[in-house]
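Working notes, beginning with the structure itself.
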Amino acid sequence: MNPWRIVIAGMVSLAVAMGIGRFAFTPLLPMMLADGTVSLAGASWLASANYLGYLVGALLCTLQPWIWRRLGSPPPPQSTVLVRIGLVATVLLTLGMVLYWPVAWPALRFAAGVASALVFVYTSGWCLAQLAQMNLPAMGAMIYTGPGVGIVLSGLAASGMVALHWSAFTGWLIFGVLAALLTAAVWDTFHAGAKPPPSPSAAAASTTRPHPATTGKGTEMALFTFAYGLAGFGYIITATFLPVIARQAIPGSPWLDMFWPLFGLGVVVGALVASRIHGVRDLRLLLIACYLIQAVGIATSLISPTLGGFTLGSLLLGLPFTAITFFAMQELRRLRPTQAPAYMGLATASYGIGQIVGPPLAAAMLARSRTPGEGFTLSLEIAACALLLGTLIYGLMVRSYPVKK
């Protein structure tokens with residue numbers, strides 16, 4: 001199979017799972033608020049339902065071997081089959097939001113989160129393994145531009161819908177159809193007869209940089225897992241409410257709906273830059289840089305709540321988004337080379353918990369503030385401080401647990 005076909009299929013699959021399945025809610029939220037179908041507090045819980053689903057989906061992927069053993073060890077489905085199932089579920093669950101049935105929306109967003117985790121994990125595993133077999137592991141980083149591309153497409157589409165005064169239900173319908181078309185475009189690549197990837201440990205070893213192994217003591221792993229979870233909390237409030245926050249700060253601006261696509265553009269650029277970084281012995285230094293960039297992005301929009309401030313802040317928040325995951329997963333392979341998949345699942349769960357906590361915190365701050373702008377400001381200050389705490393933890397780890405030569 002042509003390697004570019006694999007890369008493009010991975011990009012499109014992640015665009016559907018992340019750009020639509022997870023993050024289409026963000027650009028559509030102002031439309032839902034304008035339609036009166038949801039409040040800010042309700043939106044916070046809908047967002048958390050989706051992030052909780054992502055957490056559950058990631059844990060299910062991690063526990064899949066145990067689940068199959070409990071079922072009597074039937075033949076596990078191929079990764080490509082699970083990707084197809086997740087993509088079809090994303091399409092159906094996105095279209096389900098068209099129905100005016102608010103009581104079912106939390107369940108739909110939860111299930112969409114599960115589906116997006118399924119697609120993300122098995123698309124990543126299958127594509128990276130296929131490219132590693134072709135001795136092209138570096139191309140694997142390019143599939144992580146997919147979430148950014150999906151965010152850009154969904155953001156631009158929502159901007160056009162707002163300009164045309166369309167309802168949020170029309171938006172969900174369009175995104176559902178778009179997800180269906182993109183799924184159809186890569187359906188044949190993820191065919192059931194595709195060559196299965198090697199075992200998780202082999203795949204991890206084939207795509208790992210030649211870092212020396214360390215002892216990876218329990219305290220070190222706990223610190224790393226907690227610091228990685230802070231990244232999930234640090235970005236999620238902005239990623240959930242960015243268009244709404246901008247409307248509070250600069251009402252009436254014709255560029256309000258462009259900040260979310262700019263975030264997606266930053267994700268694309270950041271993934272491409274991360275794929276070109278080589279020769280860094282301690283990846284924790286790169287994680288420190290990524291956390292600082294996101295913290296500065298949040299601070300920029302707080303210090304300068306203007307068109308320029310939100311533009312720069314959106315780009316800075318997006319640049320390290322997938323790079324953080326890319327570097328963290330490599331670091332886990334260094335720390336636990338023979339148990340990487342299990343610890344990746346643990347780290348992903350920590351990240352997911354951080355995402356779940358963010359929106360309800362924002363809702364609580366909004367409820368206790370005099371104005372929505374004041375509530376969002378306090379929430380973002382807490383998020384930026386969480387990212388700075390993550391940099392301090394990584395700095396402590398660099399000093400206490402140096403990479404052995």
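Here, A, B, ... name the chains of the structure tokens in the order displayed, residue numbers run from 1 inside each chain, and ligands are numbered from 1 in the same displayed order.
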Write out as a tab-separated table a residue-level contact list of segment 228-345 of chain A versus segment 3-21 of chain A with cut-off 12 Å: for each qualifying residue the closest pair of atoms and the distance in Å to one decimal, counting only C-alpha atoms, rows sorted by chain and residue number upward.
```
residue	atom	partner	partner_atom	distance
A:Ala239	CA	A:Gly19	CA	11.6
A:Trp260	CA	A:Gly19	CA	11.1
A:Pro261	CA	A:Gly19	CA	10.5
A:Phe263	CA	A:Gly19	CA	11.4
A:Gly264	CA	A:Gly19	CA	8.7
A:Leu265	CA	A:Gly19	CA	11.8
A:Val267	CA	A:Gly19	CA	11.0
A:Val268	CA	A:Met11	CA	10.5
A:Ala271	CA	A:Met11	CA	11.4
A:Thr322	CA	A:Met18	CA	11.3
```
Write the residues you've just listed into a file as an mmCIF file, in the first residue's frame, and include N, CA, C and O atoms for each of them.
```cif
data_model
loop_
_atom_site.group_PDB
_atom_site.id
_atom_site.type_symbol
_atom_site.label_atom_id
_atom_site.label_comp_id
_atom_site.auth_asym_id
_atom_site.auth_seq_id
_atom_site.Cartn_x
_atom_site.Cartn_y
_atom_site.Cartn_z
ATOM 1 N N ALA A 239 -10.549 25.723 24.636
ATOM 2 C CA ALA A 239 -10.966 24.923 23.490
ATOM 3 C C ALA A 239 -12.465 24.684 23.462
ATOM 4 O O ALA A 239 -13.034 24.423 22.404
ATOM 5 N N TRP A 260 -11.462 30.136 16.219
ATOM 6 C CA TRP A 260 -11.431 28.676 16.311
ATOM 7 C C TRP A 260 -10.694 28.049 15.122
ATOM 8 O O TRP A 260 -9.841 27.174 15.329
ATOM 9 N N PRO A 261 -10.959 28.459 13.877
ATOM 10 C CA PRO A 261 -10.123 27.952 12.780
ATOM 11 C C PRO A 261 -8.646 28.284 12.948
ATOM 12 O O PRO A 261 -7.788 27.494 12.550
ATOM 13 N N PHE A 263 -7.077 28.415 15.781
ATOM 14 C CA PHE A 263 -6.602 27.388 16.709
ATOM 15 C C PHE A 263 -6.274 26.105 15.945
ATOM 16 O O PHE A 263 -5.229 25.484 16.159
ATOM 17 N N GLY A 264 -7.163 25.692 15.043
ATOM 18 C CA GLY A 264 -6.922 24.499 14.234
ATOM 19 C C GLY A 264 -5.701 24.642 13.349
ATOM 20 O O GLY A 264 -4.925 23.690 13.182
ATOM 21 N N LEU A 265 -5.513 25.826 12.777
ATOM 22 C CA LEU A 265 -4.323 26.060 11.953
ATOM 23 C C LEU A 265 -3.054 25.911 12.798
ATOM 24 O O LEU A 265 -2.057 25.338 12.342
ATOM 25 N N VAL A 267 -2.739 23.965 15.353
ATOM 26 C CA VAL A 267 -2.566 22.521 15.581
ATOM 27 C C VAL A 267 -1.841 21.878 14.400
ATOM 28 O O VAL A 267 -0.923 21.068 14.581
ATOM 29 N N VAL A 268 -2.251 22.232 13.174
ATOM 30 C CA VAL A 268 -1.624 21.669 11.976
ATOM 31 C C VAL A 268 -0.140 22.033 11.922
ATOM 32 O O VAL A 268 0.729 21.172 11.724
ATOM 33 N N ALA A 271 1.951 20.237 14.634
ATOM 34 C CA ALA A 271 2.216 18.822 14.343
ATOM 35 C C ALA A 271 3.325 18.678 13.310
ATOM 36 O O ALA A 271 4.194 17.803 13.427
ATOM 37 N N THR A 322 -1.203 18.904 19.639
ATOM 38 C CA THR A 322 -0.865 17.508 19.370
ATOM 39 C C THR A 322 0.616 17.230 19.629
ATOM 40 O O THR A 322 0.996 16.073 19.848
#
```
Q.
From the options A:Leu378, A:Ala364, A:Ile236, A:Leu387, which residue's atoms come nearest to Leu40 of chain A, counting only C-alpha atoms?
A.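 Among A:Leu378, A:Ala364, A:Ile236, A:Leu387, it is A:Ala364 that comes nearest to Leu40 of chain A.
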Q: May I have the residues within 10 Å of Met258 of chain A as a VMD selection string, using only C-alpha atoms and disregarding those fewer than 4 positions away in the same chain?
A: chain A and resid 27 152 155 to 156 158 to 159 243 254 262 to 263 310 to 311 314
Q. From the set A:Thr300, A:Thr371, A:Thr189, A:Thr94, which residue has the shortest atom-to-atom contact distance to Phe169 of chain A, counting only C-alpha atoms?
A.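 Residue with the minimum atom-to-atom distance to Phe169 of chain A: A:Thr94.
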Q.
From the options A:Ile288, A:Ala184, A:Ile298, A:Ala246, which residue's atoms come nearest to Leu392 of chain A, counting only C-alpha atoms?
A.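 Distance minimum relative to Leu392 of chain A lands on A:Ile288.
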Q: Write out as number ranges by chain each polymer residue whose atoms come within 8 Å of Gly313 of chain A, counting only C-alpha atoms; drop sequence neighbours fewer than 4 positions from it.
A: A: 296-301, 309, 317
Keeping C-alpha atoms, export the residues of the selection given above as a PDB file, in the first residue's frame.
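Result went into out04.pdb, see below:
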```
ATOM      1  CA  VAL A 296       1.414  32.409  27.079  1.00  0.00           C
ATOM      2  CA  GLY A 297      -1.409  31.894  24.583  1.00  0.00           C
ATOM      3  CA  ILE A 298      -3.986  32.006  27.376  1.00  0.00           C
ATOM      4  CA  ALA A 299      -2.296  34.993  29.006  1.00  0.00           C
ATOM      5  CA  THR A 300      -2.200  36.877  25.702  1.00  0.00           C
ATOM      6  CA  SER A 301      -5.980  36.814  25.322  1.00  0.00           C
ATOM      7  CA  GLY A 309      -4.708  39.293  21.308  1.00  0.00           C
ATOM      8  CA  LEU A 317      -2.801  27.566  22.166  1.00  0.00           C
TER       9      LEU A 317
END
```
Q.
For the structure I just gave you, how does DSSP split segment 193-351 of chain A - specifically, which residues are alpha helix (DSSP H)? Reply as a PyMOL selection string.
A. chain A and resi 200-206+218-249+259-274+283-303+307-318+321-335+340-351
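By chain and then residue number, the residues within 10 Å of Val177 of chain A are Val91, Leu92, Thr94, Leu95, Gly171 and Thr183 of chain A, counting only C-alpha atoms and disregarding those fewer than 6 positions away in sequence.
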Q) Hey, what's within 9 Å of Gly96 of chain A if we count only C-alpha atoms and toss same-chain stuff fewer than 5 positions away? As an MDAnalysis selection string, please? A) chainID A and resid 91 105 108 172:173 176
Taking a cut-off of 12 Å and counting only C-alpha atoms, can you build a table that, for each residue of segment 40-76 of chain A near segment 122-142 of chain A, reports the nearest atom pair and how far apart they are in Å (one decimal), sorted by chain then residue number, as CSV?
```
residue,atom,partner,partner_atom,distance
A:Gly57,CA,A:Tyr122,CA,11.2
A:Ala58,CA,A:Tyr122,CA,10.3
A:Leu60,CA,A:Tyr122,CA,11.7
A:Cys61,CA,A:Tyr122,CA,8.4
A:Thr62,CA,A:Tyr122,CA,10.8
A:Gln64,CA,A:Tyr122,CA,11.6
```
**Q.** Minimum-distance residue to Leu335 of chain A, chosen among A:Glu374, A:Asp35, A:Asp188, A:Asp282 (using only C-alpha atoms)
**A.**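 When distances to Leu335 of chain A are compared using only C-alpha atoms, the smallest one comes from A:Asp282.
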Q | Given only C-alpha atoms as the counted atoms, nearest of A:Ile303, A:Ala249, A:Leu396, A:Ala231 to Gly373 of chain A | A | A:Ala249
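Minimum atom-to-atom distance to Thr26 of chain A, evaluated using only C-alpha atoms, belongs to A:Thr238 out of A:Met161, A:Thr238, A:Leu82, A:Phe120.
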Q) What lies within 9 Å of Tyr343 of chain A using only C-alpha atoms, ignoring chain neighbours under 5 positions off, as number ranges by chain? A) A: 62, 221, 225, 332-333, 336, 348
Go ahead and write the residues just picked, N, CA, C and O atoms, as a PDB file, in the first residue's frame.
```
ATOM      1  N   THR A  62      -7.498   0.461  26.323  1.00  0.00           N
ATOM      2  CA  THR A  62      -6.391  -0.045  27.132  1.00  0.00           C
ATOM      3  C   THR A  62      -6.706  -1.416  27.714  1.00  0.00           C
ATOM      4  O   THR A  62      -5.843  -2.294  27.789  1.00  0.00           O
ATOM      5  N   MET A 221       6.827   8.103  37.546  1.00  0.00           N
ATOM      6  CA  MET A 221       5.664   7.868  36.695  1.00  0.00           C
ATOM      7  C   MET A 221       4.450   8.637  37.197  1.00  0.00           C
ATOM      8  O   MET A 221       3.671   9.173  36.412  1.00  0.00           O
ATOM      9  N   THR A 225       2.517  11.397  34.975  1.00  0.00           N
ATOM     10  CA  THR A 225       1.096  11.218  34.674  1.00  0.00           C
ATOM     11  C   THR A 225       0.284  12.421  35.130  1.00  0.00           C
ATOM     12  O   THR A 225      -0.600  12.906  34.419  1.00  0.00           O
ATOM     13  N   LEU A 332       6.973   8.210  27.404  1.00  0.00           N
ATOM     14  CA  LEU A 332       6.474   7.021  28.085  1.00  0.00           C
ATOM     15  C   LEU A 332       7.117   5.753  27.527  1.00  0.00           C
ATOM     16  O   LEU A 332       7.389   4.807  28.272  1.00  0.00           O
ATOM     17  N   ARG A 333       7.373   5.733  26.225  1.00  0.00           N
ATOM     18  CA  ARG A 333       8.054   4.581  25.647  1.00  0.00           C
ATOM     19  C   ARG A 333       9.483   4.467  26.173  1.00  0.00           C
ATOM     20  O   ARG A 333      10.014   3.370  26.306  1.00  0.00           O
ATOM     21  N   ARG A 336       8.949   3.267  30.014  1.00  0.00           N
ATOM     22  CA  ARG A 336       8.400   1.922  30.143  1.00  0.00           C
ATOM     23  C   ARG A 336       8.390   1.236  28.778  1.00  0.00           C
ATOM     24  O   ARG A 336       7.333   1.016  28.191  1.00  0.00           O
ATOM     25  N   THR A 348      -3.354   8.834  29.201  1.00  0.00           N
ATOM     26  CA  THR A 348      -4.521   9.340  28.480  1.00  0.00           C
ATOM     27  C   THR A 348      -5.704   9.510  29.415  1.00  0.00           C
ATOM     28  O   THR A 348      -6.479  10.472  29.297  1.00  0.00           O
TER      29      THR A 348
END
```
